[in-house]
file entry-v1.txt (compact mmCIF, C-alpha atoms)
# COMPACT_ATOMS: atom_id res chain seq x y z
CA MET A 238 -51.52 26.70 -26.77
CA GLY A 239 -54.40 27.22 -24.38
CA LEU A 240 -53.71 23.88 -22.78
CA LEU A 241 -50.03 24.65 -22.25
CA ASN A 242 -50.87 28.07 -20.81
CA TYR A 243 -53.38 26.46 -18.49
CA ILE A 244 -50.81 23.92 -17.29
CA THR A 245 -48.16 26.56 -16.58
CA ALA A 246 -50.69 28.89 -14.92
CA THR A 247 -52.03 26.20 -12.58
CA SER A 248 -48.75 24.46 -11.93
CA LEU A 249 -49.30 25.06 -8.22
CA ASP A 250 -52.25 23.15 -6.83
CA GLU A 251 -55.11 25.62 -6.40
CA ASP A 252 -56.01 23.94 -3.11
CA TYR A 253 -53.09 25.67 -1.38
CA ALA A 254 -54.56 29.08 -2.23
CA HIS A 255 -58.08 27.97 -1.31
CA VAL A 256 -57.06 26.64 2.09
CA SER A 257 -54.94 29.67 2.87
CA GLN A 258 -57.84 32.01 1.98
CA GLU A 259 -60.12 29.92 4.18
CA ARG A 260 -57.64 30.20 7.03
CA GLN A 261 -57.29 33.94 6.53
CA ARG A 262 -61.03 34.38 6.79
CA THR A 263 -61.33 32.40 10.02
CA ALA A 264 -58.27 34.21 11.43
CA ASP A 265 -59.91 37.57 10.78
CA CYS A 266 -62.88 36.74 12.97
CA ASP A 267 -61.06 34.52 15.49
CA ALA A 268 -57.93 35.76 17.25
CA ASP A 269 -56.86 32.27 18.45
CA ALA A 270 -56.62 31.00 14.91
CA ALA A 271 -54.09 33.71 14.06
CA ASP A 272 -51.36 31.62 15.68
CA ALA A 273 -52.24 28.74 13.45
CA VAL A 274 -51.80 30.96 10.39
CA ALA A 275 -48.36 32.04 11.52
CA LYS A 276 -47.35 28.44 12.23
CA ARG A 277 -47.76 27.18 8.70
CA ARG A 278 -44.73 24.92 8.61
CA PRO A 279 -44.44 21.30 7.57
CA GLY A 280 -45.41 18.95 10.37
CA THR A 281 -45.09 15.25 11.07
CA VAL A 282 -47.50 14.36 8.31
CA ALA A 283 -45.37 16.16 5.76
CA LEU A 284 -42.31 14.40 7.16
CA THR A 285 -43.98 11.02 6.72
CA VAL A 286 -45.06 11.80 3.17
CA LEU A 287 -41.56 13.02 2.30
CA ALA A 288 -40.11 9.86 3.81
CA VAL A 289 -42.48 7.85 1.63
CA PHE A 290 -41.31 9.91 -1.34
CA GLY A 291 -37.68 9.15 -0.45
CA VAL A 292 -38.42 5.44 -0.26
CA LEU A 293 -40.19 5.66 -3.62
CA VAL A 294 -37.24 7.40 -5.28
CA ALA A 295 -34.66 5.07 -3.77
CA THR A 296 -36.70 1.99 -4.70
CA ALA A 297 -37.15 3.16 -8.28
CA ALA A 298 -33.43 3.87 -8.57
CA VAL A 299 -32.45 0.53 -7.06
CA GLN A 300 -34.93 -1.28 -9.28
CA THR A 301 -33.64 0.41 -12.43
CA ALA A 302 -30.04 -0.38 -11.52
CA ARG A 303 -30.98 -4.00 -10.84
CA ASN A 304 -32.82 -4.31 -14.15
CA ALA A 305 -29.88 -2.80 -16.02
CA GLU A 306 -27.60 -5.42 -14.44
CA GLN A 307 -30.00 -8.16 -15.42
CA SER A 308 -30.36 -7.07 -19.03
CA ALA A 309 -26.59 -6.63 -19.36
CA SER A 310 -25.93 -10.11 -18.01
CA SER A 311 -28.60 -11.67 -20.21
CA ARG A 312 -27.12 -9.93 -23.23
CA GLU A 313 -23.68 -11.22 -22.30
CA SER A 314 -24.95 -14.75 -21.96
CA LEU A 315 -26.67 -14.47 -25.35
CA VAL A 316 -23.45 -13.24 -26.94
CA GLY A 317 -21.62 -16.14 -25.30
CA GLN A 318 -24.15 -18.60 -26.68
CA VAL A 319 -23.85 -17.14 -30.17
CA ASN A 320 -20.08 -17.43 -30.06
CA ALA A 321 -20.20 -20.97 -28.72
CA ARG A 322 -22.61 -22.01 -31.47
CA ALA A 323 -20.46 -20.34 -34.12
CA ASP A 324 -17.43 -22.25 -32.84
CA GLN A 325 -19.43 -25.46 -32.88
CA LEU A 326 -20.51 -24.80 -36.46
CA ASP A 327 -16.91 -24.17 -37.48
CA ARG A 328 -15.78 -27.41 -35.86
CA GLN A 329 -18.51 -29.40 -37.54
CA ARG A 330 -17.79 -27.83 -40.90
CA ALA A 331 -14.13 -28.76 -40.50
CA ALA A 332 -15.14 -32.30 -39.54
CA ALA A 333 -17.40 -32.52 -42.59
CA ARG A 334 -14.57 -31.29 -44.80
CA ARG A 335 -12.18 -33.82 -43.32
CA LEU A 336 -14.67 -36.66 -43.74
CA ARG A 337 -15.37 -35.67 -47.33
CA SER A 338 -11.68 -35.73 -48.24
CA GLU A 339 -11.39 -39.03 -46.40
CA ILE A 340 -14.21 -40.44 -48.50
CA ALA A 341 -12.54 -39.20 -51.67
CA ALA A 342 -9.20 -40.74 -50.64
CA LEU A 343 -10.85 -44.05 -49.72
CA ARG A 344 -12.75 -44.20 -52.99
CA GLU A 345 -9.62 -43.42 -54.92
CA SER A 346 -7.56 -46.09 -53.18
CA ASP A 347 -10.41 -48.57 -53.56
CA LEU A 348 -10.74 -47.90 -57.27
CA ASP A 349 -6.99 -47.88 -57.79
CA ALA A 350 -6.79 -51.50 -56.62
CA THR A 351 -8.31 -52.98 -59.77
CA THR A 352 -8.02 -52.27 -63.49
CA GLU A 353 -11.76 -51.89 -63.74
CA GLY A 354 -11.66 -49.49 -60.83
CA ARG A 355 -8.97 -47.40 -62.47
CA SER A 356 -11.07 -47.00 -65.61
CA VAL A 357 -14.06 -46.02 -63.47
CA GLN A 358 -11.85 -43.52 -61.68
CA SER A 359 -10.67 -41.89 -64.88
CA ARG A 360 -14.26 -41.72 -66.10
CA LEU A 361 -15.26 -40.14 -62.80
CA ASP A 362 -12.51 -37.53 -63.15
CA ARG A 363 -13.56 -36.71 -66.69
CA LEU A 364 -17.22 -36.45 -65.71
CA GLY A 365 -16.31 -34.33 -62.68
CA VAL A 366 -14.54 -31.79 -64.89
CA LEU A 367 -17.43 -31.78 -67.35
CA THR A 368 -20.27 -31.54 -64.88
CA GLY A 369 -18.63 -29.24 -62.38
CA GLY A 370 -18.40 -31.96 -59.74
CA ALA A 371 -14.62 -31.61 -59.52
CA PRO A 372 -12.36 -28.57 -59.38
CA VAL A 373 -10.62 -27.67 -62.63
CA ARG A 374 -7.64 -25.56 -63.53
CA GLY A 375 -6.42 -24.10 -66.76
CA PRO A 376 -5.96 -20.90 -68.77
CA GLY A 377 -8.86 -18.65 -69.65
CA VAL A 378 -10.36 -15.22 -69.31
CA GLN A 379 -11.61 -13.37 -66.29
CA VAL A 380 -14.42 -10.89 -66.78
CA VAL A 381 -14.99 -8.42 -63.95
CA VAL A 382 -18.33 -6.60 -64.09
CA ASP A 383 -19.76 -4.12 -61.62
CA ASP A 384 -22.44 -1.47 -61.17
CA ALA A 385 -21.81 2.03 -62.48
CA PRO A 386 -20.12 4.15 -59.77
CA GLY A 387 -22.73 5.63 -57.43
CA ALA A 388 -25.54 3.82 -59.22
CA ARG A 389 -28.97 4.24 -57.64
CA SER A 390 -31.41 3.00 -60.25
CA PRO A 391 -31.44 -0.63 -61.44
CA LYS A 392 -30.68 0.66 -64.92
CA PHE A 393 -27.09 1.30 -63.86
CA GLN A 394 -26.71 -1.86 -61.79
CA VAL A 395 -25.78 -5.37 -62.82
CA GLN A 396 -28.91 -7.51 -63.04
CA GLY A 397 -29.29 -11.26 -63.12
CA PRO A 398 -30.15 -11.36 -66.83
CA ASP A 399 -26.98 -9.38 -67.65
CA LEU A 400 -24.89 -12.06 -65.94
CA GLN A 401 -26.91 -14.75 -67.74
CA LYS A 402 -26.14 -13.18 -71.10
CA LEU A 403 -22.46 -12.89 -70.18
CA ALA A 404 -22.29 -16.54 -69.13
CA ASN A 405 -24.13 -17.63 -72.27
CA GLY A 406 -21.72 -15.57 -74.37
CA LEU A 407 -18.78 -17.29 -72.69
CA TRP A 408 -20.29 -20.72 -73.34
CA THR A 409 -20.81 -19.66 -76.97
CA VAL A 410 -17.14 -18.80 -77.46
CA GLY A 411 -16.04 -22.16 -76.11
CA ALA A 412 -15.65 -21.85 -72.37
CA GLU A 413 -15.14 -25.27 -70.81
CA ALA A 414 -15.86 -24.30 -67.22
CA ILE A 415 -17.30 -21.11 -65.75
CA ALA A 416 -17.48 -19.85 -62.18
CA ILE A 417 -19.06 -16.61 -60.95
CA ASN A 418 -17.54 -15.32 -57.73
CA GLY A 419 -16.39 -18.85 -56.96
CA GLN A 420 -19.76 -20.45 -57.74
CA ARG A 421 -19.16 -23.03 -60.46
CA LEU A 422 -21.82 -23.17 -63.14
CA THR A 423 -23.21 -26.63 -63.80
CA ASN A 424 -26.06 -27.90 -65.92
CA LEU A 425 -28.31 -27.29 -62.91
CA SER A 426 -27.08 -23.78 -62.07
CA ALA A 427 -29.47 -20.85 -62.20
CA ILE A 428 -28.45 -17.20 -62.31
CA ARG A 429 -31.34 -15.15 -61.06
CA ASP A 430 -32.36 -12.02 -59.21
CA ALA A 431 -33.47 -12.58 -55.64
CA GLY A 432 -34.52 -9.28 -54.17
CA SER A 433 -31.61 -6.88 -54.58
CA ALA A 434 -28.99 -9.63 -54.85
CA ILE A 435 -28.07 -11.98 -57.65
CA THR A 436 -27.92 -15.64 -56.71
CA VAL A 437 -25.96 -18.36 -58.45
CA ASN A 438 -26.54 -21.93 -57.28
CA TYR A 439 -28.91 -20.34 -54.72
CA VAL A 440 -25.99 -18.47 -53.10
CA SER A 441 -26.24 -14.67 -52.96
CA LEU A 442 -23.32 -12.90 -54.58
CA ARG A 443 -21.82 -9.55 -53.72
CA ARG A 444 -20.60 -7.09 -56.31
CA PRO A 445 -18.22 -6.83 -58.08
CA TYR A 446 -18.91 -10.00 -60.03
CA THR A 447 -15.92 -11.93 -61.30
CA VAL A 448 -16.79 -14.38 -64.06
CA SER A 449 -13.92 -16.82 -64.65
CA ALA A 450 -14.06 -18.98 -67.74
CA ILE A 451 -11.53 -21.63 -68.69
CA GLY A 452 -10.92 -22.00 -72.40
CA ASN A 453 -8.81 -20.66 -75.24
CA GLN A 454 -7.55 -17.47 -73.67
CA LYS A 455 -6.28 -16.01 -76.94
CA GLN A 456 -9.60 -16.16 -78.74
CA MET A 457 -12.30 -16.07 -76.08
CA GLY A 458 -11.89 -12.44 -75.08
CA ALA A 459 -12.09 -11.14 -78.65
CA ASP A 460 -14.81 -13.55 -79.70
CA LEU A 461 -16.92 -12.67 -76.72
CA LEU A 462 -17.50 -9.15 -78.03
CA ASP A 463 -19.13 -10.58 -81.17
CA THR A 464 -21.70 -12.59 -79.25
CA ALA A 465 -25.11 -11.30 -78.22
CA GLY A 466 -23.98 -11.28 -74.59
CA GLY A 467 -20.84 -9.33 -75.43
CA GLN A 468 -22.86 -6.76 -77.36
CA THR A 469 -25.28 -6.36 -74.48
CA TRP A 470 -22.34 -5.64 -72.27
CA ALA A 471 -20.84 -3.19 -74.73
CA THR A 472 -24.12 -1.26 -74.43
CA LEU A 473 -24.10 -1.53 -70.66
CA GLN A 474 -20.50 -0.31 -70.63
CA SER A 475 -21.64 2.88 -72.36
CA PHE A 476 -24.04 3.39 -69.41
CA GLY A 477 -21.02 3.43 -67.11
CA LEU A 478 -21.07 -0.16 -65.88
CA LYS A 479 -17.70 -1.79 -65.38
CA PHE A 480 -16.77 -4.52 -67.87
CA ASP A 481 -13.12 -5.65 -67.82
CA VAL A 482 -11.86 -8.70 -69.70
CA ASN A 483 -8.45 -10.05 -68.70
CA THR A 484 -6.65 -13.16 -69.81
CA GLU A 485 -5.30 -15.48 -67.15
CA ASP A 486 -2.66 -18.15 -67.65
CA ASP A 487 -3.70 -20.35 -64.80
CA MET A 488 -6.99 -20.36 -62.96
CA LEU A 489 -8.46 -22.78 -60.47
CA LEU A 490 -12.23 -23.10 -60.47
CA PRO A 491 -13.79 -24.83 -57.49
CA ALA A 492 -16.20 -27.74 -57.67
CA ALA A 493 -19.89 -27.01 -57.50
CA ARG A 494 -21.81 -28.00 -54.43
CA ARG A 495 -23.18 -31.47 -54.86
CA VAL A 496 -26.79 -31.44 -55.97
CA THR A 497 -29.03 -34.37 -55.24
CA LEU A 498 -31.47 -35.24 -57.96
CA ARG A 499 -34.92 -35.94 -56.57
CA TYR A 500 -36.95 -36.79 -59.67
CA ALA A 501 -34.55 -37.68 -62.49
CA HIS A 502 -33.08 -41.18 -62.53
CA GLN A 503 -31.41 -43.52 -64.98
CA PRO A 504 -33.67 -45.53 -67.27
CA GLU A 505 -33.57 -49.24 -66.38
CA ARG A 506 -31.90 -50.49 -69.52
CA LEU A 507 -28.89 -48.21 -69.17
CA ARG A 508 -28.03 -49.43 -65.70
CA MET B 587 -35.45 21.46 7.97
CA ILE B 588 -37.89 18.78 9.00
CA ALA B 589 -38.70 18.21 5.32
CA VAL B 590 -35.07 17.58 4.38
CA LEU B 591 -34.77 15.26 7.38
CA GLY B 592 -37.81 13.28 6.21
CA LEU B 593 -36.45 13.04 2.68
CA MET B 594 -33.03 11.84 3.88
CA LEU B 595 -34.67 9.32 6.18
CA GLY B 596 -36.79 7.98 3.33
CA VAL B 597 -33.88 7.66 0.90
CA LEU B 598 -31.72 5.92 3.51
CA LEU B 599 -34.58 3.61 4.39
CA GLY B 600 -35.13 2.77 0.72
CA LEU B 601 -31.43 2.13 0.10
CA PHE B 602 -31.07 0.09 3.29
CA LEU B 603 -34.15 -2.09 2.90
CA GLN B 604 -34.11 -2.29 -0.93
CA PRO B 605 -37.71 -3.48 -1.02
CA ASP B 606 -38.61 -5.87 -3.83
CA VAL B 607 -41.12 -4.33 -6.21
CA PRO B 608 -43.75 -6.81 -7.41
CA ILE B 609 -43.63 -7.35 -11.17
CA TRP B 610 -47.14 -6.00 -11.75
CA LEU B 611 -46.23 -2.77 -9.97
CA GLU B 612 -42.95 -2.21 -11.79
CA PRO B 613 -44.25 -0.23 -14.80
CA TYR B 614 -46.04 2.24 -12.53
CA LEU B 615 -43.11 3.03 -10.23
CA PRO B 616 -41.22 5.49 -12.46
CA ILE B 617 -44.34 7.46 -13.37
CA ALA B 618 -45.40 7.47 -9.69
CA VAL B 619 -41.99 8.90 -8.81
CA VAL B 620 -42.39 11.70 -11.36
CA ALA B 621 -45.90 12.46 -10.07
CA ALA B 622 -44.59 12.53 -6.48
CA LEU B 623 -41.77 14.83 -7.60
CA ASP B 624 -44.38 17.22 -8.96
CA ALA B 625 -46.28 17.17 -5.65
CA VAL B 626 -43.06 17.79 -3.69
CA PHE B 627 -42.00 20.74 -5.85
CA GLY B 628 -45.52 22.14 -5.60
CA ALA B 629 -45.30 21.87 -1.81
CA LEU B 630 -41.91 23.58 -1.76
CA ARG B 631 -43.26 26.44 -3.84
CA ALA B 632 -46.33 26.74 -1.58
CA PHE B 633 -44.04 26.75 1.43
CA LEU B 634 -42.01 29.60 -0.02
CA ASP B 635 -45.23 31.41 -0.96
CA GLY B 636 -46.26 31.03 2.68
CA ILE B 637 -49.40 29.08 1.92
CA PHE B 638 -48.14 25.58 2.70
CA ASP B 639 -50.63 23.23 4.23
CA ASP B 640 -49.99 19.71 5.51
CA LYS B 641 -53.32 18.33 4.47
CA VAL B 642 -53.23 19.73 0.96
CA PHE B 643 -49.71 18.38 0.52
CA VAL B 644 -50.67 14.86 1.60
CA VAL B 645 -53.80 14.84 -0.52
CA SER B 646 -52.02 16.20 -3.60
CA PHE B 647 -49.14 13.74 -3.15
CA VAL B 648 -51.33 10.68 -2.79
CA SER B 649 -53.78 11.68 -5.53
CA ASN B 650 -50.92 12.55 -7.94
CA VAL B 651 -49.28 9.16 -7.45
CA LEU B 652 -52.53 7.22 -7.67
CA ILE B 653 -53.87 9.08 -10.71
CA ALA B 654 -50.56 8.80 -12.58
CA ALA B 655 -50.47 5.07 -11.90
CA LEU B 656 -54.13 4.74 -12.85
CA ILE B 657 -53.64 6.53 -16.17
CA VAL B 658 -50.72 4.28 -17.08
CA TYR B 659 -52.72 1.21 -16.03
CA LEU B 660 -55.67 2.32 -18.13
CA GLY B 661 -53.35 3.04 -21.06
CA ASP B 662 -51.83 -0.42 -20.77
CA LYS B 663 -55.27 -1.98 -20.84
CA LEU B 664 -56.28 0.10 -23.89
CA GLY B 665 -53.00 -0.50 -25.71
CA VAL B 666 -51.86 3.12 -25.57
CA GLY B 667 -49.76 2.80 -22.40
CA GLY B 668 -46.64 4.33 -23.96
CA GLN B 669 -48.44 7.35 -25.39
CA LEU B 670 -50.41 8.02 -22.21
CA SER B 671 -47.22 7.76 -20.10
CA THR B 672 -45.60 10.28 -22.43
CA GLY B 673 -48.58 12.60 -21.99
CA VAL B 674 -48.44 12.31 -18.21
CA ILE B 675 -44.67 12.90 -18.19
CA VAL B 676 -45.03 15.97 -20.43
CA VAL B 677 -47.72 17.58 -18.25
CA LEU B 678 -45.92 16.78 -15.01
CA GLY B 679 -42.64 17.94 -16.50
CA ILE B 680 -44.11 21.32 -17.47
CA ARG B 681 -45.60 21.69 -14.00
CA ILE B 682 -42.30 20.79 -12.35
CA PHE B 683 -40.42 23.28 -14.51
CA SER B 684 -42.77 26.18 -13.81
CA ASN B 685 -42.82 25.35 -10.09
CA VAL B 686 -39.03 25.24 -9.99
CA ALA B 687 -38.96 28.57 -11.83
CA ALA B 688 -41.19 30.06 -9.12
CA ILE B 689 -38.98 28.57 -6.39
CA ARG B 690 -35.93 30.05 -8.11
CA ARG B 691 -37.58 33.48 -8.15
CA HIS B 692 -38.22 33.13 -4.42
CA ILE B 693 -34.70 32.09 -3.53
CA PHE B 694 -32.67 34.33 -5.83
CA HIS B 695 -35.26 37.11 -6.24
CA ALA B 696 -34.61 36.94 -9.93

call {"tool": "encode", "arguments": {"input": "entry-v1.txt", "output": "structure tokens"}}
result
Amino acid sequence: MGLLNYITATSLDEDYAHVSQERQRTADCDADAADAVAKRRPGTVALTVLAVFGVLVATAAVQTARNAEQSASSRESLVGQVNARADQLDRQRAAARRLRSEIAALRESDLDATTEGRSVQSRLDRLGVLTGGAPVRGPGVQVVVDDAPGARSPKFQVQGPDLQKLANGLWTVGAEAIAINGQRLTNLSAIRDAGSAITVNYVSLRRPYTVSAIGNQKQMGADLLDTAGGQTWATLQSFGLKFDVNTEDDMLLPAARRVTLRYAHQPERLR
Amino acid sequence: MIAVLGLMLGVLLGLFLQPDVPIWLEPYLPIAVVAALDAVFGALRAFLDGIFDDKVFVVSFVSNVLIAALIVYLGDKLGVGGQLSTGVIVVLGIRIFSNVAAIRRHIFHA
């Protein structure tokens, strides 16, 4: 507090008082100097300094305004660049999609031309459904799971292992194809925790999690509750987590993203 | 009267010429302006107290501006530029406020 008091007490430069006392003393002994005391008004020097002050203020203001303009325009150009790049990305994605369907159509027409090709095509279709390389549709169950309402601690939130157990339970009761939030499970899929999110096929998912499984819709839902995964979820349900099983007559599960194998390859004699 | 004239002249000159501030000087301009503001308010208060002096005003103005700029420069070199600027602004702000309070007492007698 002493410092603040000192600052407020000496807010006026002490020199003013010093100089005025000095003047007073000389005026007392010298009559001529008395005029000088009376005429203590700002002179040309003060005018110059004030003019300098004015220039300083105006320059600072102008500079700040100019900088604001510059930063605004640079921000605008950045936003423009972001939008342009996003558009470009969209266009290229659309082109990739188009080319992919073109490839599929070409392959199909090529294979359709010969008997051998047709058998290869049917094998491809079958393998696609089995491996997750092709979209599938059919009846099944849809399990919607979610965190407990207002959950803060991980105990009341859906974790990666919970989804793993659920998926395993669905495989156990005869699911033929499973997708979680549109991510098709394949033999290479991993369900895991990555930070606070759960990733499937290395794609982060957002809650709620919808697990769609194609299979015997009449039995799967009931059978699921007897599996280890179903029992885990029955426990979790008692903690307040959401666990809804619905039967669906017709579901369409998308194809998984194509995965390139880097290390595994066919043995020579099978080729 | 002459003071207001000088101030107006300076502002007009600054607006008219719009001098380009060199990049290296740019960080010191705002703090210099605040320091100058303190000197000007101090001078106004001294004028109303009847103890105004040209020489003291000039010296306090120039030294205020230079020391404020120097402190910020030193802070920049030491890596505490932001904190030191804040300190300078706080001290100058308190001084300006108490000077303005004194001026107000002179003008309104309250």

call {"tool": "residues_around", "arguments": {"input": "entry-v1.txt", "residues": "Ala622 (chain B)", "least_positions_apart": "6", "cutoff": "8 Å", "atoms": "all atoms listed in the file", "output": "ChimeraX atom specification"}}
result
/A:290 /B:647-648,650-651

call {"tool": "interface_residues", "arguments": {"input": "entry-v1.txt", "of": "chain A", "to": "chain B", "cutoff": "10 Å", "atoms": "all atoms listed in the file", "output": "ChimeraX atom specification"}}
result
/A:240-241,244-258,260,274-301

call {"tool": "atom_distance", "arguments": {"input": "entry-v1.txt", "atom1": "CA of Leu652 (chain B)", "atom2": "CA of Leu664 (chain B)"}}
result
18.1 Å

call {"tool": "atom_distance", "arguments": {"input": "entry-v1.txt", "atom1": "CA of Thr464 (chain A)", "atom2": "CA of Val448 (chain A)"}}
result
16.1 Å

call {"tool": "closest_residue", "arguments": {"input": "entry-v1.txt", "among": "A:Gln318, A:Gln394, A:Ser449, A:Thr368", "to": "Gly477 (chain A)", "atoms": "all atoms listed in the file"}}
result
A:Gln394

call {"tool": "atom_distance", "arguments": {"input": "entry-v1.txt", "atom1": "CA of Gly467 (chain A)", "atom2": "CA of Leu407 (chain A)"}}
result
8.7 Å

call {"tool": "residues_around", "arguments": {"input": "entry-v1.txt", "residues": "Pro372 (chain A)", "least_positions_apart": "5", "cutoff": "9 Å", "atoms": "only C-alpha atoms", "output": "NGL selection string"}}
result
:A and (365-366 or 421 or 489-493)

call {"tool": "residues_around", "arguments": {"input": "entry-v1.txt", "residues": "region 331-345 of chain A", "least_positions_apart": "4", "cutoff": "8 Å", "atoms": "all atoms listed in the file", "output": "PyMOL selection string"}}
result
chain A and resi 327+349+358

call {"tool": "closest_residue", "arguments": {"input": "entry-v1.txt", "among": "A:Ala471, A:Leu315, A:Ile451, A:Leu442", "to": "Leu403 (chain A)", "atoms": "only C-alpha atoms"}}
result
A:Ala471

call {"tool": "closest_residue", "arguments": {"input": "entry-v1.txt", "among": "B:His695, B:Val676, B:Pro608, B:Leu670", "to": "Leu634 (chain B)", "atoms": "all atoms listed in the file"}}
result
B:His695
